[in-house]
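work_33.txt, holding compact mmCIF, C-alpha atoms and all ligand atoms:
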# COMPACT_ATOMS: atom_id res chain seq x y z
CA MET A 1 -29.59 20.02 3.44
CA ASP A 2 -32.78 22.11 3.34
CA GLN A 3 -31.82 25.44 1.84
CA GLY A 4 -34.09 27.54 4.02
CA ARG A 5 -36.22 30.36 2.73
CA ILE A 6 -35.48 33.95 1.82
CA LEU A 7 -37.38 36.83 3.38
CA LEU A 8 -37.70 39.72 0.94
CA ALA A 9 -38.57 42.77 3.05
CA VAL A 10 -38.67 45.86 0.89
CA ASN A 11 -40.25 49.27 1.38
CA GLY A 12 -40.30 52.13 -1.10
CA PHE A 13 -40.29 50.22 -4.39
CA ASN A 14 -41.93 47.22 -6.04
CA PRO A 15 -39.71 44.15 -5.55
CA GLN A 16 -41.40 42.06 -8.24
CA ARG A 17 -38.27 41.43 -10.33
CA TRP A 18 -36.26 40.55 -7.19
CA HIS A 19 -39.00 38.13 -6.17
CA GLU A 20 -39.10 36.46 -9.58
CA LEU A 21 -35.34 35.96 -9.74
CA PHE A 22 -34.95 34.67 -6.17
CA ALA A 23 -38.02 32.46 -6.52
CA ALA A 24 -36.47 30.73 -9.55
CA GLU A 25 -33.82 29.29 -7.18
CA ARG A 26 -35.21 29.31 -3.63
CA GLN A 27 -38.44 29.74 -1.73
CA VAL A 28 -39.22 33.36 -1.02
CA VAL A 29 -41.38 34.86 1.71
CA LEU A 30 -42.65 38.40 1.32
CA GLU A 31 -42.79 40.47 4.47
CA ALA A 32 -46.56 40.63 4.26
CA ASP A 33 -46.80 36.81 4.29
CA GLY A 34 -45.67 36.59 7.92
CA ALA A 35 -42.04 37.08 8.83
CA ALA A 36 -41.80 35.20 12.12
CA ASP A 37 -40.89 32.03 10.30
CA PRO A 38 -38.16 29.63 11.55
CA SER A 39 -37.64 28.34 8.01
CA ILE A 40 -36.18 31.69 6.91
CA THR A 41 -32.39 31.65 6.75
CA TYR A 42 -31.64 34.81 4.74
CA ALA A 43 -33.20 38.27 4.69
CA VAL A 44 -32.86 40.55 1.67
CA VAL A 45 -33.91 44.01 2.78
CA TRP A 46 -34.38 47.64 1.85
CA ARG A 47 -35.81 49.82 4.64
CA HIS A 48 -37.42 46.86 6.41
CA LYS A 49 -39.61 47.43 9.45
CA PRO A 50 -37.67 47.78 12.75
CA ASN A 51 -37.45 44.61 14.88
CA LEU A 52 -38.69 42.44 12.01
CA LEU A 53 -35.43 40.48 11.73
CA ALA A 54 -35.30 39.77 15.47
CA ARG A 55 -38.24 37.43 14.91
CA LEU A 56 -36.23 35.07 12.68
CA PRO A 57 -34.52 32.47 14.90
CA ASN A 58 -32.55 30.76 12.13
CA LEU A 59 -31.33 33.78 10.19
CA ARG A 60 -27.79 33.27 8.80
CA ALA A 61 -27.18 36.57 6.98
CA ILE A 62 -28.82 39.88 6.05
CA PHE A 63 -28.36 41.20 2.51
CA SER A 64 -28.75 44.90 1.82
CA ILE A 65 -30.32 45.68 -1.54
CA GLY A 66 -28.06 48.74 -1.70
CA ALA A 67 -24.42 49.65 -1.14
CA GLY A 68 -25.48 51.74 1.85
CA VAL A 69 -26.59 49.94 5.02
CA ASP A 70 -27.82 52.86 7.14
CA HIS A 71 -31.36 51.55 6.56
CA ILE A 72 -30.33 48.35 8.37
CA MET A 73 -28.06 49.72 11.09
CA THR A 74 -30.84 51.79 12.63
CA ASP A 75 -32.89 48.67 13.44
CA PRO A 76 -32.84 48.36 17.26
CA GLY A 77 -33.44 44.61 17.02
CA LEU A 78 -30.67 43.72 14.60
CA PRO A 79 -29.65 40.04 14.98
CA ASP A 80 -25.96 39.22 15.31
CA VAL A 81 -25.43 37.74 11.84
CA PRO A 82 -23.29 39.03 8.95
CA ILE A 83 -24.70 42.03 7.08
CA ILE A 84 -23.69 41.87 3.44
CA ARG A 85 -23.83 44.97 1.26
CA VAL A 86 -23.81 45.53 -2.49
CA VAL A 87 -20.48 45.87 -4.25
CA ASP A 88 -21.24 45.51 -7.93
CA PRO A 89 -19.44 46.67 -11.09
CA ASN A 90 -22.69 47.77 -12.75
CA LEU A 91 -23.68 49.95 -9.78
CA THR A 92 -20.14 51.32 -9.49
CA GLN A 93 -20.14 52.19 -13.20
CA HIS A 94 -23.43 54.06 -12.83
CA MET A 95 -22.08 56.07 -9.91
CA SER A 96 -18.90 56.92 -11.83
CA GLU A 97 -21.05 58.11 -14.74
CA TYR A 98 -23.18 60.25 -12.43
CA VAL A 99 -20.14 61.87 -10.81
CA LEU A 100 -18.36 62.54 -14.12
CA TRP A 101 -21.61 63.88 -15.64
CA ARG A 102 -22.23 66.28 -12.79
CA VAL A 103 -18.61 67.46 -12.51
CA LEU A 104 -18.38 68.11 -16.27
CA ASP A 105 -21.78 69.80 -16.29
CA HIS A 106 -20.69 72.29 -13.61
CA HIS A 107 -17.22 72.66 -15.10
CA ARG A 108 -18.64 73.49 -18.55
CA GLN A 109 -21.10 75.95 -16.99
CA SER A 110 -24.20 74.17 -18.16
CA MET A 111 -26.47 76.05 -15.73
CA ALA A 112 -25.22 79.45 -16.90
CA TYR A 113 -25.54 78.55 -20.59
CA ARG A 114 -29.07 77.17 -20.01
CA ALA A 115 -30.02 80.46 -18.39
CA GLN A 116 -28.52 82.35 -21.34
CA GLN A 117 -30.32 80.11 -23.84
CA SER A 118 -33.67 80.79 -22.19
CA LYS A 119 -33.05 84.49 -22.88
CA LYS A 120 -31.47 83.94 -26.34
CA VAL A 121 -28.19 85.42 -25.11
CA TRP A 122 -25.10 84.78 -27.31
CA ARG A 123 -22.14 85.27 -24.95
CA ASP A 124 -19.11 83.17 -24.19
CA LEU A 125 -18.11 82.54 -20.61
CA PRO A 126 -14.54 81.99 -19.35
CA GLN A 127 -13.24 78.49 -20.08
CA ARG A 128 -11.01 76.94 -17.43
CA PRO A 129 -8.73 73.95 -18.01
CA ALA A 130 -9.86 70.89 -16.03
CA GLY A 131 -6.33 70.63 -14.68
CA ASP A 132 -6.87 73.92 -12.81
CA ILE A 133 -9.72 72.41 -10.82
CA ALA A 134 -9.47 70.13 -7.81
CA VAL A 135 -12.37 67.74 -7.29
CA GLY A 136 -12.48 66.53 -3.68
CA ILE A 137 -14.16 63.19 -3.03
CA MET A 138 -15.42 62.61 0.53
CA GLY A 139 -15.40 58.84 0.90
CA LEU A 140 -12.74 56.90 -0.99
CA GLY A 141 -14.47 53.52 -0.89
CA GLU A 142 -15.66 51.31 -3.75
CA LEU A 143 -17.55 54.18 -5.37
CA GLY A 144 -15.25 57.09 -4.55
CA ARG A 145 -12.11 55.33 -5.75
CA THR A 146 -13.63 54.36 -9.09
CA ALA A 147 -15.16 57.80 -9.62
CA ALA A 148 -11.65 59.21 -9.11
CA VAL A 149 -10.33 57.17 -12.05
CA GLY A 150 -12.88 58.67 -14.47
CA LEU A 151 -12.35 62.20 -13.19
CA ARG A 152 -8.60 61.87 -13.50
CA ALA A 153 -8.92 60.64 -17.08
CA ALA A 154 -10.99 63.78 -17.78
CA GLY A 155 -8.06 65.89 -16.58
CA PHE A 156 -9.14 67.04 -13.10
CA ARG A 157 -6.91 67.07 -10.07
CA ILE A 158 -8.30 64.81 -7.37
CA ASN A 159 -8.31 65.07 -3.59
CA GLY A 160 -9.86 62.39 -1.41
CA TRP A 161 -10.89 62.10 2.23
CA SER A 162 -11.31 58.87 4.16
CA ARG A 163 -10.97 57.57 7.70
CA ASN A 164 -7.82 55.50 7.27
CA GLY A 165 -6.12 57.64 4.61
CA ARG A 166 -5.22 54.64 2.45
CA GLN A 167 -3.30 55.89 -0.61
CA VAL A 168 -5.04 55.82 -3.98
CA ASP A 169 -3.13 56.27 -7.25
CA GLY A 170 -3.35 59.79 -8.61
CA VAL A 171 -5.30 61.07 -5.60
CA THR A 172 -4.03 63.40 -2.89
CA VAL A 173 -5.44 61.66 0.17
CA PHE A 174 -6.40 63.36 3.44
CA ALA A 175 -7.31 61.31 6.51
CA GLY A 176 -9.69 61.62 9.42
CA ASP A 177 -10.75 64.64 11.45
CA GLY A 178 -7.33 66.30 11.17
CA GLY A 179 -7.33 66.03 7.39
CA LEU A 180 -10.80 67.42 6.80
CA ILE A 181 -10.09 71.17 6.77
CA PRO A 182 -6.93 70.90 4.59
CA PHE A 183 -8.93 68.66 2.23
CA LEU A 184 -11.74 71.20 1.94
CA ASN A 185 -9.37 74.17 1.67
CA SER A 186 -7.81 72.64 -1.46
CA THR A 187 -11.09 71.51 -3.09
CA ASP A 188 -13.13 73.45 -5.70
CA ILE A 189 -15.80 70.84 -6.46
CA LEU A 190 -16.87 68.65 -3.52
CA VAL A 191 -18.26 65.18 -4.30
CA VAL A 192 -19.87 63.43 -1.31
CA LEU A 193 -19.80 59.63 -1.44
CA LEU A 194 -19.76 58.84 2.26
CA PRO A 195 -21.90 56.29 4.06
CA LEU A 196 -24.40 57.59 6.61
CA THR A 197 -23.16 56.72 10.12
CA PRO A 198 -23.33 58.47 13.49
CA ALA A 199 -19.95 60.05 12.62
CA THR A 200 -21.06 61.43 9.25
CA THR A 201 -24.66 62.50 9.94
CA GLY A 202 -25.11 66.20 9.10
CA ILE A 203 -21.44 66.61 8.20
CA VAL A 204 -22.19 68.68 5.09
CA ASP A 205 -23.30 71.83 6.88
CA TYR A 206 -22.71 75.54 6.33
CA ARG A 207 -19.48 75.51 8.33
CA LEU A 208 -18.04 72.75 6.18
CA LEU A 209 -19.10 74.44 2.94
CA ARG A 210 -17.39 77.68 4.08
CA GLU A 211 -14.07 75.80 4.06
CA LEU A 212 -14.23 75.00 0.34
CA ARG A 213 -11.91 76.92 -1.94
CA ARG A 214 -13.51 79.83 -3.77
CA ARG A 215 -10.85 81.21 -6.07
CA ASN A 216 -11.25 84.30 -8.18
CA GLY A 217 -12.01 83.36 -11.75
CA LEU A 218 -13.50 79.98 -10.90
CA GLY A 219 -16.90 81.42 -10.07
CA GLY A 220 -17.35 79.65 -6.73
CA ALA A 221 -17.40 76.26 -5.09
CA VAL A 222 -19.70 73.41 -6.14
CA LEU A 223 -21.32 70.63 -4.07
CA ILE A 224 -22.33 67.25 -5.48
CA ASN A 225 -23.95 64.81 -3.02
CA ALA A 226 -24.75 61.27 -4.14
CA GLY A 227 -24.11 59.61 -0.76
CA ARG A 228 -27.04 60.04 1.58
CA GLY A 229 -29.39 62.97 2.20
CA LYS A 230 -28.91 62.99 5.97
CA LEU A 231 -25.21 63.68 5.46
CA GLN A 232 -26.26 67.19 4.50
CA LYS A 233 -28.33 70.02 5.95
CA ASP A 234 -30.66 71.14 3.16
CA ASP A 235 -31.17 74.58 4.74
CA ASP A 236 -27.43 75.15 5.03
CA ILE A 237 -27.01 74.38 1.35
CA LEU A 238 -29.67 76.95 0.47
CA ARG A 239 -27.99 79.51 2.71
CA ALA A 240 -24.61 78.78 1.09
CA LEU A 241 -26.12 79.17 -2.39
CA GLU A 242 -27.72 82.48 -1.43
CA ASP A 243 -24.61 84.11 0.04
CA GLY A 244 -22.17 82.86 -2.61
CA THR A 245 -20.45 80.27 -0.43
CA LEU A 246 -21.62 77.82 -3.08
CA LYS A 247 -22.01 78.62 -6.75
CA GLU A 248 -24.05 75.55 -7.66
CA ALA A 249 -25.10 72.14 -6.36
CA SER A 250 -26.08 68.77 -7.79
CA LEU A 251 -28.09 66.77 -5.27
CA ASP A 252 -29.22 63.19 -5.77
CA VAL A 253 -30.15 62.72 -2.11
CA PHE A 254 -32.02 64.84 0.44
CA GLU A 255 -32.66 65.00 4.17
CA VAL A 256 -36.24 63.86 3.51
CA GLU A 257 -37.04 61.62 0.52
CA PRO A 258 -39.03 62.03 -1.61
CA LEU A 259 -38.01 65.70 -1.47
CA PRO A 260 -41.13 67.51 -0.19
CA LYS A 261 -42.91 69.55 -2.86
CA THR A 262 -42.51 72.60 -0.61
CA SER A 263 -38.69 72.43 -0.65
CA PRO A 264 -37.08 75.46 -2.32
CA LEU A 265 -34.39 73.10 -3.63
CA TRP A 266 -36.84 71.92 -6.33
CA SER A 267 -36.94 75.28 -8.06
CA HIS A 268 -33.58 76.80 -7.17
CA PRO A 269 -31.96 77.98 -10.44
CA ARG A 270 -28.52 76.75 -9.37
CA VAL A 271 -29.55 73.34 -8.04
CA PHE A 272 -29.72 70.21 -10.17
CA ALA A 273 -31.92 67.68 -8.34
CA THR A 274 -32.42 63.99 -9.11
CA PRO A 275 -34.59 61.51 -7.16
CA HIS A 276 -31.91 59.24 -5.59
CA VAL A 277 -31.02 57.59 -8.88
CA ALA A 278 -27.27 58.10 -9.19
CA ALA A 279 -26.74 54.33 -9.06
CA THR A 280 -29.86 52.22 -8.79
CA SER A 281 -29.66 48.62 -7.59
CA ASP A 282 -30.60 46.31 -10.45
CA ALA A 283 -32.02 42.89 -9.56
CA ASN A 284 -30.74 41.47 -12.86
CA HIS A 285 -27.17 42.17 -11.73
CA LEU A 286 -27.49 41.59 -7.99
CA VAL A 287 -29.67 38.52 -7.36
CA GLY A 288 -27.12 36.09 -8.91
CA PRO A 289 -24.25 37.22 -6.66
CA MET A 290 -26.56 37.18 -3.60
CA LEU A 291 -27.62 33.60 -4.34
CA ALA A 292 -23.96 32.66 -4.83
CA GLN A 293 -23.12 34.14 -1.42
CA MET A 294 -25.95 32.14 0.18
CA SER A 295 -24.56 28.94 -1.34
CA ALA A 296 -21.05 29.89 -0.17
CA ILE A 297 -22.31 30.37 3.39
CA GLU A 298 -23.94 26.94 3.23
CA ARG A 299 -20.62 25.43 2.11
CA GLY A 300 -19.05 26.96 5.21
CA GLU A 301 -17.20 29.73 3.35
CA ALA A 302 -16.90 33.27 4.67
CA PRO A 303 -19.14 35.74 2.80
CA SER A 304 -17.61 38.81 1.14
CA ASN A 305 -18.58 42.49 1.41
CA VAL A 306 -19.51 42.09 5.06
CA VAL A 307 -20.27 45.33 6.90
CA ASP A 308 -18.05 46.38 9.80
CA ARG A 309 -20.68 46.82 12.50
CA ALA A 310 -18.50 48.95 14.73
CA ALA A 311 -17.74 51.38 11.90
CA GLY A 312 -21.36 51.27 10.70
CA TYR A 313 -20.58 50.74 6.99
P1 LIG A 401 -17.55 52.13 1.07
O1 LIG A 401 -17.89 51.55 2.38
O2 LIG A 401 -16.78 51.28 0.11
O3 LIG A 401 -16.67 53.46 1.29
C1 LIG A 401 -16.98 54.40 2.25
C2 LIG A 401 -15.87 55.43 2.31
O4 LIG A 401 -16.24 56.47 3.23
C3 LIG A 401 -14.53 54.85 2.79
O5 LIG A 401 -13.47 55.44 2.09
C4 LIG A 401 -14.51 55.28 4.25
O6 LIG A 401 -13.22 55.45 4.80
C5 LIG A 401 -15.18 56.64 4.16
N1 LIG A 401 -15.70 57.04 5.47
C6 LIG A 401 -16.68 56.46 6.20
N2 LIG A 401 -16.87 57.11 7.36
C7 LIG A 401 -15.97 58.12 7.36
C8 LIG A 401 -15.65 59.14 8.29
N3 LIG A 401 -16.28 59.23 9.48
N4 LIG A 401 -14.67 60.00 7.98
C9 LIG A 401 -14.01 59.89 6.81
N5 LIG A 401 -14.26 58.95 5.87
C10 LIG A 401 -15.23 58.07 6.15
O7 LIG A 401 -18.88 52.66 0.44
P2 LIG A 401 -19.26 52.81 -1.12
O8 LIG A 401 -18.20 53.59 -1.79
O9 LIG A 401 -19.62 51.49 -1.69
O10 LIG A 401 -20.62 53.65 -1.00
C11 LIG A 401 -20.65 54.92 -0.38
C12 LIG A 401 -22.09 55.36 -0.14
O11 LIG A 401 -22.71 55.75 -1.35
C13 LIG A 401 -23.04 54.28 0.40
O12 LIG A 401 -22.86 54.09 1.79
C14 LIG A 401 -24.40 54.87 0.07
O13 LIG A 401 -24.86 55.65 1.14
C15 LIG A 401 -24.12 55.75 -1.14
N6 LIG A 401 -24.79 55.28 -2.35
C16 LIG A 401 -25.68 56.10 -2.98
C17 LIG A 401 -26.29 55.71 -4.15
C18 LIG A 401 -27.21 56.62 -4.90
O14 LIG A 401 -27.86 56.16 -5.83
N7 LIG A 401 -27.28 57.87 -4.57
C19 LIG A 401 -26.03 54.38 -4.73
C20 LIG A 401 -25.07 53.60 -4.00
C21 LIG A 401 -24.49 54.04 -2.85
P3 LIG A 401 -12.17 54.20 4.88
O15 LIG A 401 -11.72 53.98 3.47
O16 LIG A 401 -11.10 54.74 5.74
O17 LIG A 401 -12.95 53.06 5.45
C1 LIG A 402 -27.54 52.35 -2.32
C2 LIG A 402 -28.51 53.29 -2.87
O1 LIG A 402 -27.16 52.46 -1.15
O2 LIG A 402 -29.07 53.02 -3.95
O3 LIG A 402 -27.12 51.43 -3.05
O4 LIG A 402 -28.73 54.35 -2.28
Represent the structure of the file as structure tokens.
Amino acid sequence: MDQGRILLAVNGFNPQRWHELFAAERQVVLEADGAADPSITYAVVWRHKPNLLARLPNLRAIFSIGAGVDHIMTDPGLPDVPIIRVVDPNLTQHMSEYVLWRVLDHHRQSMAYRAQQSKKVWRDLPQRPAGDIAVGIMGLGELGRTAAVGLRAAGFRINGWSRNGRQVDGVTVFAGDGGLIPFLNSTDILVVLLPLTPATTGIVDYRLLRELRRRNGLGGAVLINAGRGKLQKDDDILRALEDGTLKEASLDVFEVEPLPKTSPLWSHPRVFATPHVAATSDANHLVGPMLAQMSAIERGEAPSNVVDRAAGY
């Protein structure tokens, strides 16, 4: 049977390596080459143009280049075919590293010691045991659950928040709307690993940050967001940093990306900012599994890692 062609519709980065690897196995069409092509059976996308996929009459599945699919779900002309997202050990490992790195960096007071170093100040700061600190992970999915394992091994206590409240070993799990405030009230360092959906948009606002635990001796609450920028309100984070609601923040994602040069978050002394790189999708790891899923679909098998459209992730 004719395999059909792959549409590679990518905005925001150069897809050359993806193109090379897909093209070694199947014919590939780049968006610019003309997308309204009945020979296209799969679309591999990152921030594709709205309504583009509606023009593909024989599309069998849409592959997200990332773990998040918010960039797909907002397309008003989304065809009714499976949307397959990235679940990949390499990406998961990178996210776990990012989370552990940022939690340890805040825990070991890296920002304060950097500030001291710049002034040649020799002064020790209070050292807290990791076991005194509760890290709360919003989103206990593929990434949140694995990040919890690394944090636990480093000695932290772990809380987690999800929709269904499924139990996770070594994690105190809180569920749904009713569990949110108790989760925040027992969390010192908040790690956000939620998907962006209508239910989670703007959830990390000033009111939410006020609910975090700020115990004497710990120096204040910390926010780490590696989920999506539109989960948070940048201005609320700045306000929380200014009035002591937050001590520090590590932000990998922002309401607007790239973060505008005018944003005060760039130069805030208690913000650590990275350009959406906590866990980058790597074509060398992801193209093989995507091709395997395409072959599985053609054999009549059900694809894995299919997005729940109603839930939006
Ligand atoms: P999953 O779909 O595996 O997990 C999502 C988790 O969020 C689940 O535990 C889910 O709950 C929970 N959740 C979703 N909506 C709600 C809600 N309304 N209330 C409470 N909990 C909710 O996603 P991943 O772990 O694979 O990825 C998470 C996100 O990380 C991605 O969507 C993406 O946006 C982001 N990401 C960022 C990267 C970066 O470089 N910065 C790289 C990769 C991903 P339940 O378990 O009940 O379903
Ligand atoms: C993703 C991302 O969703 O890189 O995978 O943001």
Surroundings of ligand LIG 401 (chain A) up to 8 Å, based on all atoms listed in the file, as a PDB file with C-alpha atoms, keeping the file's coordinate frame:
ATOM      1  CA  GLY A  66     -28.060  48.740  -1.700  1.00  0.00           C
ATOM      2  CA  ALA A  67     -24.420  49.650  -1.140  1.00  0.00           C
ATOM      3  CA  GLY A  68     -25.480  51.740   1.850  1.00  0.00           C
ATOM      4  CA  VAL A  69     -26.590  49.940   5.020  1.00  0.00           C
ATOM      5  CA  ASP A  70     -27.820  52.860   7.140  1.00  0.00           C
ATOM      6  CA  VAL A  86     -23.810  45.530  -2.490  1.00  0.00           C
ATOM      7  CA  VAL A  87     -20.480  45.870  -4.250  1.00  0.00           C
ATOM      8  CA  LEU A  91     -23.680  49.950  -9.780  1.00  0.00           C
ATOM      9  CA  THR A  92     -20.140  51.320  -9.490  1.00  0.00           C
ATOM     10  CA  MET A  95     -22.080  56.070  -9.910  1.00  0.00           C
ATOM     11  CA  MET A 138     -15.420  62.610   0.530  1.00  0.00           C
ATOM     12  CA  GLY A 139     -15.400  58.840   0.900  1.00  0.00           C
ATOM     13  CA  LEU A 140     -12.740  56.900  -0.990  1.00  0.00           C
ATOM     14  CA  GLY A 141     -14.470  53.520  -0.890  1.00  0.00           C
ATOM     15  CA  GLU A 142     -15.660  51.310  -3.750  1.00  0.00           C
ATOM     16  CA  LEU A 143     -17.550  54.180  -5.370  1.00  0.00           C
ATOM     17  CA  GLY A 144     -15.250  57.090  -4.550  1.00  0.00           C
ATOM     18  CA  ARG A 145     -12.110  55.330  -5.750  1.00  0.00           C
ATOM     19  CA  TRP A 161     -10.890  62.100   2.230  1.00  0.00           C
ATOM     20  CA  SER A 162     -11.310  58.870   4.160  1.00  0.00           C
ATOM     21  CA  ARG A 163     -10.970  57.570   7.700  1.00  0.00           C
ATOM     22  CA  ASN A 164      -7.820  55.500   7.270  1.00  0.00           C
ATOM     23  CA  GLY A 165      -6.120  57.640   4.610  1.00  0.00           C
ATOM     24  CA  ARG A 166      -5.220  54.640   2.450  1.00  0.00           C
ATOM     25  CA  ALA A 175      -7.310  61.310   6.510  1.00  0.00           C
ATOM     26  CA  GLY A 176      -9.690  61.620   9.420  1.00  0.00           C
ATOM     27  CA  ASP A 177     -10.750  64.640  11.450  1.00  0.00           C
ATOM     28  CA  LEU A 193     -19.800  59.630  -1.440  1.00  0.00           C
ATOM     29  CA  LEU A 194     -19.760  58.840   2.260  1.00  0.00           C
ATOM     30  CA  PRO A 195     -21.900  56.290   4.060  1.00  0.00           C
ATOM     31  CA  LEU A 196     -24.400  57.590   6.610  1.00  0.00           C
ATOM     32  CA  THR A 197     -23.160  56.720  10.120  1.00  0.00           C
ATOM     33  CA  ALA A 199     -19.950  60.050  12.620  1.00  0.00           C
ATOM     34  CA  THR A 200     -21.060  61.430   9.250  1.00  0.00           C
ATOM     35  CA  ASN A 225     -23.950  64.810  -3.020  1.00  0.00           C
ATOM     36  CA  ALA A 226     -24.750  61.270  -4.140  1.00  0.00           C
ATOM     37  CA  GLY A 227     -24.110  59.610  -0.760  1.00  0.00           C
ATOM     38  CA  ARG A 228     -27.040  60.040   1.580  1.00  0.00           C
ATOM     39  CA  ASP A 252     -29.220  63.190  -5.770  1.00  0.00           C
ATOM     40  CA  VAL A 253     -30.150  62.720  -2.110  1.00  0.00           C
ATOM     41  CA  HIS A 276     -31.910  59.240  -5.590  1.00  0.00           C
ATOM     42  CA  VAL A 277     -31.020  57.590  -8.880  1.00  0.00           C
ATOM     43  CA  ALA A 278     -27.270  58.100  -9.190  1.00  0.00           C
ATOM     44  CA  ALA A 279     -26.740  54.330  -9.060  1.00  0.00           C
ATOM     45  CA  THR A 280     -29.860  52.220  -8.790  1.00  0.00           C
ATOM     46  CA  SER A 281     -29.660  48.620  -7.590  1.00  0.00           C
ATOM     47  CA  ALA A 311     -17.740  51.380  11.900  1.00  0.00           C
ATOM     48  CA  TYR A 313     -20.580  50.740   6.990  1.00  0.00           C
TER      49      TYR A 313
END
CA of Tyr98 (chain A) to CA of Ala134 (chain A), straight-line distance in Å: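 Computed distance, CA of Ala134 (chain A) to CA of Tyr98 (chain A), equals 17.5 Å.
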Exercise: residues within 9 Å of coordinate (-3.6, 60.3, -7.7), counting only C-alpha atoms, as a VMD selection string: chain A and resid 148 to 149 152 157 to 159 167 to 173
Which residue of A:Lys233, A:Arg5, A:Arg214, A:His107 approaches Leu56 (chain A) most closely, using only C-alpha atoms: A:Arg5
Selected residue, from A:Gly12, A:Gly244, A:Gly219, A:Gly202, that lies nearest to ligand LIG 402 (chain A) when counting all atoms listed in the file: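 Checking each of A:Gly12, A:Gly244, A:Gly219, A:Gly202 against ligand LIG 402 (chain A), counting all atoms listed in the file, the winner is A:Gly12.
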Option closest in space to ligand LIG 402 (chain A), from A:Gly312, A:Pro50, A:Gly229, A:Gly160 [counting only C-alpha atoms and all ligand atoms]: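 Looking at the shortest contact to ligand LIG 402 (chain A), the residue is A:Gly229.
Nearest to Ala296 (chain A) of all the residues A:Ala61, A:Val44, A:Ile72, A:Val271 is A:Ala61, based on only C-alpha atoms.
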Two-atom distance - CA of Asn11 (chain A), CA of Ile224 (chain A) (Å):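 Interatomic distance here is 26.3 Å.
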Nearest to Leu218 (chain A), chosen from A:Ala249, A:Ile189, A:Asp205, A:Val306, with only C-alpha atoms counted in the distances: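 Residue with the minimum atom-to-atom distance to Leu218 (chain A): A:Ile189.
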Long-range neighbours of Leu52 (chain A) as a PyMOL selection string, 8 Å cut-off, only C-alpha atoms, 3 positions minimum in chain: chain A and resi 35-36+48-49+55-56+77
